[in-house]
Each structure stands twice: as C-alpha cells, then as structure tokens.
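Structure data (TSV, C-alpha atoms and all ligand atoms) from target.tsv:
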```tsv
chain	number	residue	atom	x	y	z
A	1	MET	CA	-13.11	11.63	-18.10
A	2	ILE	CA	-15.88	11.84	-15.49
A	3	LYS	CA	-17.72	9.02	-17.20
A	4	ARG	CA	-14.60	6.87	-17.01
A	5	VAL	CA	-14.25	7.55	-13.28
A	6	ARG	CA	-17.90	6.72	-12.69
A	7	SER	CA	-17.52	3.33	-14.35
A	8	TRP	CA	-14.90	2.40	-11.76
A	9	LEU	CA	-17.27	3.45	-9.01
A	10	ASN	CA	-20.25	1.55	-10.25
A	11	GLN	CA	-20.49	-0.66	-7.20
A	12	GLU	CA	-22.96	1.17	-4.99
A	13	ASP	CA	-24.77	-2.10	-4.21
A	14	SER	CA	-22.10	-3.44	-1.94
A	15	GLN	CA	-21.85	-0.09	-0.19
A	16	GLN	CA	-25.58	-0.07	0.48
A	17	THR	CA	-25.64	-3.69	1.60
A	18	HIS	CA	-23.00	-3.01	4.18
A	19	GLN	CA	-24.23	0.46	5.21
A	20	LEU	CA	-20.85	1.76	6.19
A	21	SER	CA	-20.83	4.24	9.01
A	22	PRO	CA	-19.27	7.44	7.67
A	23	ASP	CA	-17.90	8.28	11.15
A	24	ASN	CA	-15.72	5.20	11.36
A	25	ILE	CA	-13.89	4.97	8.06
A	26	PRO	CA	-10.28	3.84	8.59
A	27	HIS	CA	-8.00	6.82	8.10
A	28	HIS	CA	-5.03	4.80	6.81
A	29	VAL	CA	-5.47	1.53	4.93
A	30	ALA	CA	-2.46	-0.57	3.93
A	31	ILE	CA	-2.71	-3.32	1.33
A	32	ILE	CA	-0.45	-6.28	0.61
A	33	MET	CA	-1.34	-6.77	-3.04
A	34	ASP	CA	-0.68	-10.48	-3.44
A	35	GLY	CA	-1.66	-13.20	-5.89
A	36	ASN	CA	-0.87	-11.68	-9.29
A	37	GLY	CA	1.14	-14.72	-10.37
A	38	ARG	CA	-1.45	-17.27	-9.27
A	39	TRP	CA	-4.21	-15.26	-10.91
A	40	ALA	CA	-2.36	-15.51	-14.22
A	41	LYS	CA	-1.39	-19.15	-13.74
A	42	ARG	CA	-5.02	-20.09	-13.16
A	43	ARG	CA	-5.74	-18.62	-16.59
A	44	GLY	CA	-2.80	-20.39	-18.21
A	45	MET	CA	-0.98	-17.10	-18.74
A	46	PRO	CA	2.50	-15.92	-17.76
A	47	ARG	CA	2.94	-14.28	-14.35
A	48	ILE	CA	3.55	-10.84	-15.87
A	49	VAL	CA	0.00	-10.79	-17.20
A	50	GLY	CA	-1.06	-11.00	-13.57
A	51	HIS	CA	1.12	-8.01	-12.72
A	52	GLN	CA	-0.33	-6.07	-15.64
A	53	ASN	CA	-3.85	-6.73	-14.39
A	54	GLY	CA	-2.75	-6.01	-10.85
A	55	MET	CA	-1.93	-2.50	-12.00
A	56	LYS	CA	-5.57	-2.00	-13.00
A	57	ALA	CA	-6.61	-3.11	-9.53
A	58	VAL	CA	-4.33	-0.44	-8.03
A	59	LYS	CA	-6.29	2.17	-9.91
A	60	ARG	CA	-9.62	0.68	-8.79
A	61	ALA	CA	-8.48	0.54	-5.18
A	62	ALA	CA	-7.24	4.13	-5.19
A	63	ILE	CA	-10.47	5.49	-6.63
A	64	ALA	CA	-12.57	3.37	-4.27
A	65	ALA	CA	-10.50	4.43	-1.25
A	66	ASP	CA	-10.87	8.09	-2.14
A	67	ASP	CA	-14.58	7.67	-2.72
A	68	LEU	CA	-15.07	5.97	0.65
A	69	GLY	CA	-13.24	8.71	2.54
A	70	ILE	CA	-9.97	6.90	3.28
A	71	LYS	CA	-7.20	9.49	3.64
A	72	ILE	CA	-4.07	7.36	3.22
A	73	LEU	CA	-3.68	4.24	1.09
A	74	THR	CA	-0.35	2.41	1.34
A	75	MET	CA	0.23	-0.25	-1.31
A	76	TYR	CA	2.94	-2.91	-1.01
A	77	ALA	CA	4.19	-3.08	-4.59
A	78	PHE	CA	7.68	-4.62	-4.32
A	79	SER	CA	9.49	-6.00	-1.30
A	80	THR	CA	13.20	-6.09	-0.50
A	81	GLU	CA	12.88	-9.89	-0.89
A	82	ASN	CA	11.24	-9.75	-4.33
A	83	TRP	CA	14.68	-9.25	-5.94
A	84	THR	CA	15.17	-13.01	-5.58
A	85	ARG	CA	12.62	-13.60	-8.38
A	86	PRO	CA	13.70	-14.30	-11.97
A	87	LYS	CA	15.30	-11.26	-13.60
A	88	ASP	CA	12.64	-11.04	-16.34
A	89	GLU	CA	9.88	-10.74	-13.77
A	90	VAL	CA	11.79	-8.17	-11.72
A	91	ASP	CA	12.54	-6.12	-14.84
A	92	PHE	CA	8.86	-6.19	-15.75
A	93	LEU	CA	7.82	-5.11	-12.26
A	94	MET	CA	10.32	-2.24	-12.36
A	95	LYS	CA	8.67	-0.90	-15.52
A	96	LEU	CA	5.17	-0.93	-14.05
A	97	PRO	CA	5.39	2.29	-12.02
A	98	GLN	CA	6.25	4.35	-15.09
A	99	GLU	CA	3.61	2.58	-17.14
A	100	PHE	CA	1.01	3.12	-14.42
A	101	LEU	CA	1.93	6.79	-14.03
A	102	ALA	CA	2.08	7.45	-17.78
A	103	ILE	CA	-1.55	6.37	-17.97
A	104	GLU	CA	-2.87	7.59	-14.64
A	105	LEU	CA	-0.84	10.56	-13.42
A	106	GLU	CA	-3.00	13.15	-15.14
A	107	GLU	CA	-6.13	11.78	-13.51
A	108	LEU	CA	-4.41	11.41	-10.14
A	109	ILE	CA	-3.47	15.09	-10.30
A	110	GLU	CA	-7.05	15.98	-11.25
A	111	LYS	CA	-8.39	13.94	-8.36
A	112	ASN	CA	-6.12	15.82	-5.94
A	113	VAL	CA	-4.19	12.64	-5.02
A	114	GLN	CA	-0.75	12.96	-3.38
A	115	VAL	CA	1.58	10.26	-4.66
A	116	ARG	CA	4.32	9.17	-2.25
A	117	MET	CA	7.00	6.52	-2.30
A	118	MET	CA	8.23	4.51	0.66
A	119	GLY	CA	11.25	2.26	0.17
A	120	HIS	CA	14.93	2.24	-0.63
A	121	PRO	CA	15.44	4.03	-3.96
A	122	GLU	CA	19.20	3.39	-4.16
A	123	GLU	CA	18.70	-0.19	-5.43
A	124	LEU	CA	15.94	0.67	-7.90
A	125	PRO	CA	16.62	1.34	-11.60
A	126	SER	CA	16.83	5.05	-12.33
A	127	HIS	CA	13.85	4.91	-14.73
A	128	THR	CA	11.66	3.60	-11.91
A	129	VAL	CA	12.85	6.20	-9.42
A	130	SER	CA	12.51	9.10	-11.84
A	131	ALA	CA	8.93	8.12	-12.74
A	132	MET	CA	8.04	7.97	-9.05
A	133	GLU	CA	9.84	11.22	-8.27
A	134	GLU	CA	8.05	13.00	-11.07
A	135	ALA	CA	4.68	11.81	-9.75
A	136	VAL	CA	5.57	12.78	-6.19
A	137	ALA	CA	6.70	16.25	-7.30
A	138	LYS	CA	3.70	16.87	-9.55
A	139	THR	CA	1.22	15.90	-6.83
A	140	ALA	CA	3.07	17.45	-3.87
A	141	GLY	CA	0.75	20.47	-3.80
A	142	ASN	CA	-2.40	18.32	-3.66
A	143	ASN	CA	-4.23	17.66	-0.42
A	144	GLY	CA	-6.45	14.70	-1.25
A	145	LEU	CA	-5.83	10.98	-0.83
A	146	VAL	CA	-2.22	10.07	0.01
A	147	LEU	CA	-1.33	7.19	-2.32
A	148	ASN	CA	1.81	5.75	-0.79
A	149	PHE	CA	3.66	3.09	-2.81
A	150	ALA	CA	5.91	0.74	-0.87
A	151	LEU	CA	8.54	0.02	-3.50
A	152	ASN	CA	11.67	-1.90	-2.58
A	153	TYR	CA	10.29	-1.77	0.92
A	154	GLY	CA	11.18	-4.15	3.72
A	155	SER	CA	10.34	-3.47	7.32
A	156	ARG	CA	13.47	-5.05	8.77
A	157	LYS	CA	15.66	-2.99	6.47
A	158	GLU	CA	13.66	0.11	7.38
A	159	ILE	CA	14.12	-0.53	11.10
A	160	THR	CA	17.79	-1.48	10.70
A	161	GLU	CA	18.55	1.70	8.74
A	162	SER	CA	16.81	3.90	11.27
A	163	PHE	CA	18.70	2.25	14.16
A	164	LYS	CA	21.97	2.75	12.29
A	165	ALA	CA	21.22	6.46	11.90
A	166	LEU	CA	20.26	6.80	15.56
A	167	GLY	CA	23.43	4.94	16.60
A	168	GLN	CA	25.50	7.32	14.51
A	169	GLU	CA	23.84	10.33	16.13
A	170	ILE	CA	24.60	8.92	19.57
A	171	SER	CA	28.23	8.35	18.66
A	172	ASP	CA	28.41	11.89	17.24
A	173	GLY	CA	27.02	13.21	20.52
A	174	ILE	CA	23.88	14.76	19.01
A	175	LEU	CA	21.55	12.29	20.66
A	176	ARG	CA	21.53	10.58	24.06
A	177	PRO	CA	20.21	7.01	24.45
A	178	GLU	CA	17.56	8.33	26.86
A	179	ASP	CA	16.23	10.59	24.06
A	180	ILE	CA	15.13	7.52	22.11
A	181	THR	CA	11.38	7.09	22.48
A	182	GLU	CA	8.77	5.13	20.58
A	183	GLU	CA	7.66	8.41	18.98
A	184	LEU	CA	11.20	9.19	17.84
A	185	ILE	CA	11.69	5.72	16.34
A	186	GLY	CA	8.31	6.01	14.63
A	187	ARG	CA	9.28	9.34	13.06
A	188	ARG	CA	12.58	7.89	11.84
A	189	LEU	CA	10.86	5.10	9.90
A	190	LEU	CA	9.97	5.52	6.25
A	191	THR	CA	6.38	6.36	7.18
A	192	GLY	CA	7.70	9.50	8.92
A	193	GLU	CA	4.77	11.59	10.08
A	194	LEU	CA	2.10	9.29	8.60
A	195	PRO	CA	-0.15	7.74	11.24
A	196	ASP	CA	-0.10	3.95	11.61
A	197	PRO	CA	-2.49	1.98	9.38
A	198	ASP	CA	-5.89	1.38	10.94
A	199	LEU	CA	-6.60	-1.52	8.62
A	200	LEU	CA	-4.34	-3.96	6.81
A	201	ILE	CA	-5.70	-5.91	3.86
A	202	ARG	CA	-3.95	-8.88	2.27
A	203	THR	CA	-5.27	-10.63	-0.81
A	204	SER	CA	-4.65	-14.15	-2.15
A	205	GLY	CA	-5.39	-16.11	1.00
A	206	GLU	CA	-1.90	-15.85	2.51
A	207	LEU	CA	-2.02	-15.12	6.22
A	208	ARG	CA	1.30	-13.41	6.85
A	209	LEU	CA	2.93	-9.98	6.82
A	210	SER	CA	5.91	-10.77	4.56
A	211	ASN	CA	8.10	-8.06	6.13
A	212	PHE	CA	5.51	-5.31	5.74
A	213	MET	CA	5.24	-2.42	8.24
A	214	LEU	CA	6.11	-4.58	11.25
A	215	TRP	CA	6.37	-1.61	13.61
A	216	GLN	CA	3.44	0.38	12.22
A	217	LEU	CA	0.95	-2.53	12.21
A	218	ALA	CA	1.26	-3.16	15.97
A	219	TYR	CA	-2.41	-2.33	16.58
A	220	SER	CA	-3.90	-2.37	13.10
A	221	GLU	CA	-6.95	-4.47	12.32
A	222	LEU	CA	-6.18	-7.27	9.85
A	223	TRP	CA	-8.45	-8.41	7.04
A	224	PHE	CA	-7.70	-11.21	4.60
A	225	THR	CA	-9.44	-12.31	1.45
A	226	ASP	CA	-8.89	-15.29	-0.85
A	227	ALA	CA	-9.35	-13.05	-3.88
A	228	TYR	CA	-6.22	-12.58	-5.94
A	229	TRP	CA	-5.06	-8.99	-6.26
A	230	PRO	CA	-6.12	-8.53	-9.93
A	231	GLU	CA	-9.67	-9.44	-8.82
A	232	PHE	CA	-9.79	-6.78	-6.12
A	233	THR	CA	-12.68	-4.34	-6.48
A	234	LYS	CA	-14.42	-1.70	-4.44
A	235	ASP	CA	-16.69	-4.47	-3.10
A	236	HIS	CA	-13.74	-6.04	-1.31
A	237	LEU	CA	-12.75	-2.73	0.19
A	238	VAL	CA	-16.30	-2.10	1.38
A	239	GLU	CA	-16.44	-5.59	2.87
A	240	ALA	CA	-13.15	-5.04	4.68
A	241	ILE	CA	-14.30	-1.71	6.09
A	242	ALA	CA	-17.66	-3.17	7.11
A	243	GLU	CA	-15.82	-5.80	9.12
A	244	TYR	CA	-13.42	-3.19	10.49
A	245	GLN	CA	-16.42	-1.26	11.76
A	246	GLN	CA	-17.57	-4.31	13.72
A	247	ARG	CA	-14.25	-4.60	15.54
A	248	THR	CA	-13.52	-3.15	18.96
A	249	ARG	CA	-10.02	-1.71	19.08
A	250	ARG	CA	-8.81	-2.04	22.64
A	251	TYR	CA	-5.08	-1.31	22.38
A	252	GLY	CA	-4.51	-3.57	25.34
A	253	GLY	CA	-7.09	-1.80	27.48
A	254	LEU	CA	-10.71	-2.65	28.24
A	255	SER	CA	-13.59	-1.65	26.03
B	301	LIG	C1	2.06	-9.81	-5.79
B	301	LIG	O1	1.77	-10.94	-6.53
B	301	LIG	C2	2.95	-8.84	-6.52
B	301	LIG	C3	4.33	-8.81	-6.01
B	301	LIG	C4	4.78	-9.46	-4.98
B	301	LIG	C5	5.26	-8.00	-6.74
B	301	LIG	P1	2.77	-12.15	-6.64
B	301	LIG	O2	3.71	-11.90	-7.74
B	301	LIG	O3	3.42	-12.41	-5.32
B	301	LIG	O4	1.81	-13.35	-7.01
B	301	LIG	P2	1.78	-14.78	-6.37
B	301	LIG	O5	1.72	-14.60	-4.88
B	301	LIG	O6	3.04	-15.47	-6.78
B	301	LIG	O7	0.56	-15.42	-6.91
B	302	LIG	C1	4.46	-9.66	-0.48
B	302	LIG	O1	4.11	-10.67	-1.34
B	302	LIG	C2	5.10	-8.54	-1.23
B	302	LIG	C3	4.22	-7.76	-2.08
B	302	LIG	C4	2.95	-7.92	-2.21
B	302	LIG	C5	4.85	-6.68	-2.80
B	302	LIG	P1	5.09	-11.91	-1.64
B	302	LIG	O2	4.41	-12.73	-2.64
B	302	LIG	O3	6.44	-11.42	-1.94
B	302	LIG	O4	5.13	-12.62	-0.21
B	302	LIG	P2	5.45	-14.13	0.17
B	302	LIG	O5	6.73	-14.50	-0.52
B	302	LIG	O6	4.31	-14.96	-0.30
B	302	LIG	O7	5.55	-14.12	1.65
B	303	MG	MG	2.95	-13.51	-3.72
```
Using the file provided, produce a representation of the structure as structure tokens.
Amino acid sequence: MIKRVRSWLNQEDSQQTHQLSPDNIPHHVAIIMDGNGRWAKRRGMPRIVGHQNGMKAVKRAAIAADDLGIKILTMYAFSTENWTRPKDEVDFLMKLPQEFLAIELEELIEKNVQVRMMGHPEELPSHTVSAMEEAVAKTAGNNGLVLNFALNYGSRKEITESFKALGQEISDGILRPEDITEELIGRRLLTGELPDPDLLIRTSGELRLSNFMLWQLAYSELWFTDAYWPEFTKDHLVEAIAEYQQRTRRYGGLS
C-alpha cells in the first residue's frame, strides 16, 4: 500500500525546482477538471475513456494536495448544465463516483481524508448518492484533507436556493431583511462553513468559470493550464502553487 502511494508522489523534482514556501500553501484549492473528452478525442477514443482517465487524475490530485499541505480540495465533477449531454455520457459519469470510491475509499480512510459532497442530490441517481453518502459517513470522523466533490453543482442554483430559503424565513417572520449579511449568505451556500478557495485551477485551456463557485471565488487567485484533466499531475499543482506564491492578494486594498 505504502509503495503504491509513493509511486503517485514520485515527483519531487518539480517541488524542488519551484521551492515552495511552506508558510504560504493555499488552504483551499478548487479545481475545474476540464478536458476529459478532448483528451480522449485526441487519442481517437470515445469521450468516456477520458472520464475514466480523469478519475485517475482525481486520485493523483488528492494525494498531491495532501502531500503539499493543502487542507481543502474542491473538485468540480458534474455541473447542473452537464445534464444536457448525451444520456450515455451522463449515465457513465453518474457511475464514476461509486467506481472511484469502490477502489479508493479504503485508502482515503487510511489517509485520514474527509470526503464531502456539494451539490443537489435530489436530481442524482440513488446509486450515485448512496455511494457518496457512504464515503462521507465513513470518513466523517477523519480530520485530514477535506476532499469536496461538486456533483450536480451549479453556483446560480446554489445562490437561488439559498435566497429562496432566506425569503421564506423572512415571510415566516424568523428573519428580518436587515439580518441578511454577506456572512449569513456565505453560510447558507453549499460550502457552509468552508472558507473560500484561495486558488482556483482550471485545466484544458478554457478561461471561464462555467457556473462554479461564483460567490466564493470573489477574491481567489486563478490559474489556468492547457493540460487536459487526465494529464494533470502533482507537477501542475506545484506549478500552480508556485505562481500563487508570487501573487500579492490585495482584496481591493493596497499592498
Ligand atoms: C470535464 O471534461 C468533465 C466534465 C465536465 C464532467 P469534459 O467532459 O468537459 O471534456 P471536454 O471539455 O469536452 O474536453
Ligand atoms: C465545467 O466544464 C464543469 C465541470 C468540469 C464539471 P464544462 O466542460 O461543462 O464547461 P463548459 O461547457 O466548457 O463551459
Ligand atoms: Mg469541458
């Protein structure tokens, strides 16, 4: 088991080249895992082969994040807009969480990872939800890396739902409009008590957010790579963090 973990981590070179400062590792990293389909197409293979290989990259990214001292890793796995894809592809994607967890859950538990899910479970097939719920329950007592899967997640839906709930509370008289603060809205989003991402990574060369964490990314640093998601390795993560460490976060103030 340990040997298998080591093989994933065998990328010390990049880490040394970039000499990451241990005091400035982003606490929360969010990743838009994009480019599975194009990765497969470039190899003359069906899109689902890209998704299958993307799953391996999830594992690499989680181990690398943990190793580098990242505390929260949020992975955009399926958006509220991805339902518009052909049914075969959607069905395949919906089976991936259980496949991933069947292979990896034991090791995730061993590595003290806390699995979480962020999204709207009501529209997901029950087999997908139960696999996720099992992983969340079995890792709930852990206190290591938070591995947060955004599954059937869409930021506009998230914000709309939270406003609906707040509106209902106002009409029920349990909340006054003046009680609504940025902190309250933040807590009512699917990220709940999680801090905002410090760093957002998107693969595949697309330079957009695609309805991902629109509220939470207000002051996150953005990093893009042309690499397709199945190609993502620890090297990319190290490169992203190295660049993050060069940035000055001003939050609208002066440095
Ligand atoms: C990301 O890869 C995975 C999901 C959105 C589920 P894509 O499937 O979007 O791959 P491309 O962008 O079409 O290459
Ligand atoms: C964003 O990728 C969603 C996920 C990675 C899960 P998409 O491939 O759906 O985004 P667009 O359509 O290129 O904006
Ligand atoms: Mg895409």
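If only C-alpha atoms and all ligand atoms are the atoms counted, then among A:Val238, A:Ala140, A:Leu222, A:Leu151 the closest residue to ligand LIG 302 (chain B) is A:Leu151.
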Option closest in space to ligand LIG 301 (chain B), from A:Gly141, A:Pro197, A:Pro22, A:Gly205 [counting all atoms listed in the file] | A:Gly205
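Here CA of Met132 (chain A) and CA of Ala30 (chain A) stand 18.8 Å from one another.
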Could you please extract the residues within 6 Å of ligand LIG 302 (chain B), counting all atoms listed in the file, and hand them back as a count of residues only?
-> 9
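For the choices A:Ala62, A:Val136, A:Leu207, A:Ile48, the atom-to-atom distance to Arg116 (chain A) is smallest for A:Val136 when using only C-alpha atoms.
Distances from A:Glu106, A:Asp88, A:Glu243, A:Asp198 to Leu20 (chain A) were compared using all atoms listed in the file, and the smallest one belongs to A:Glu243.
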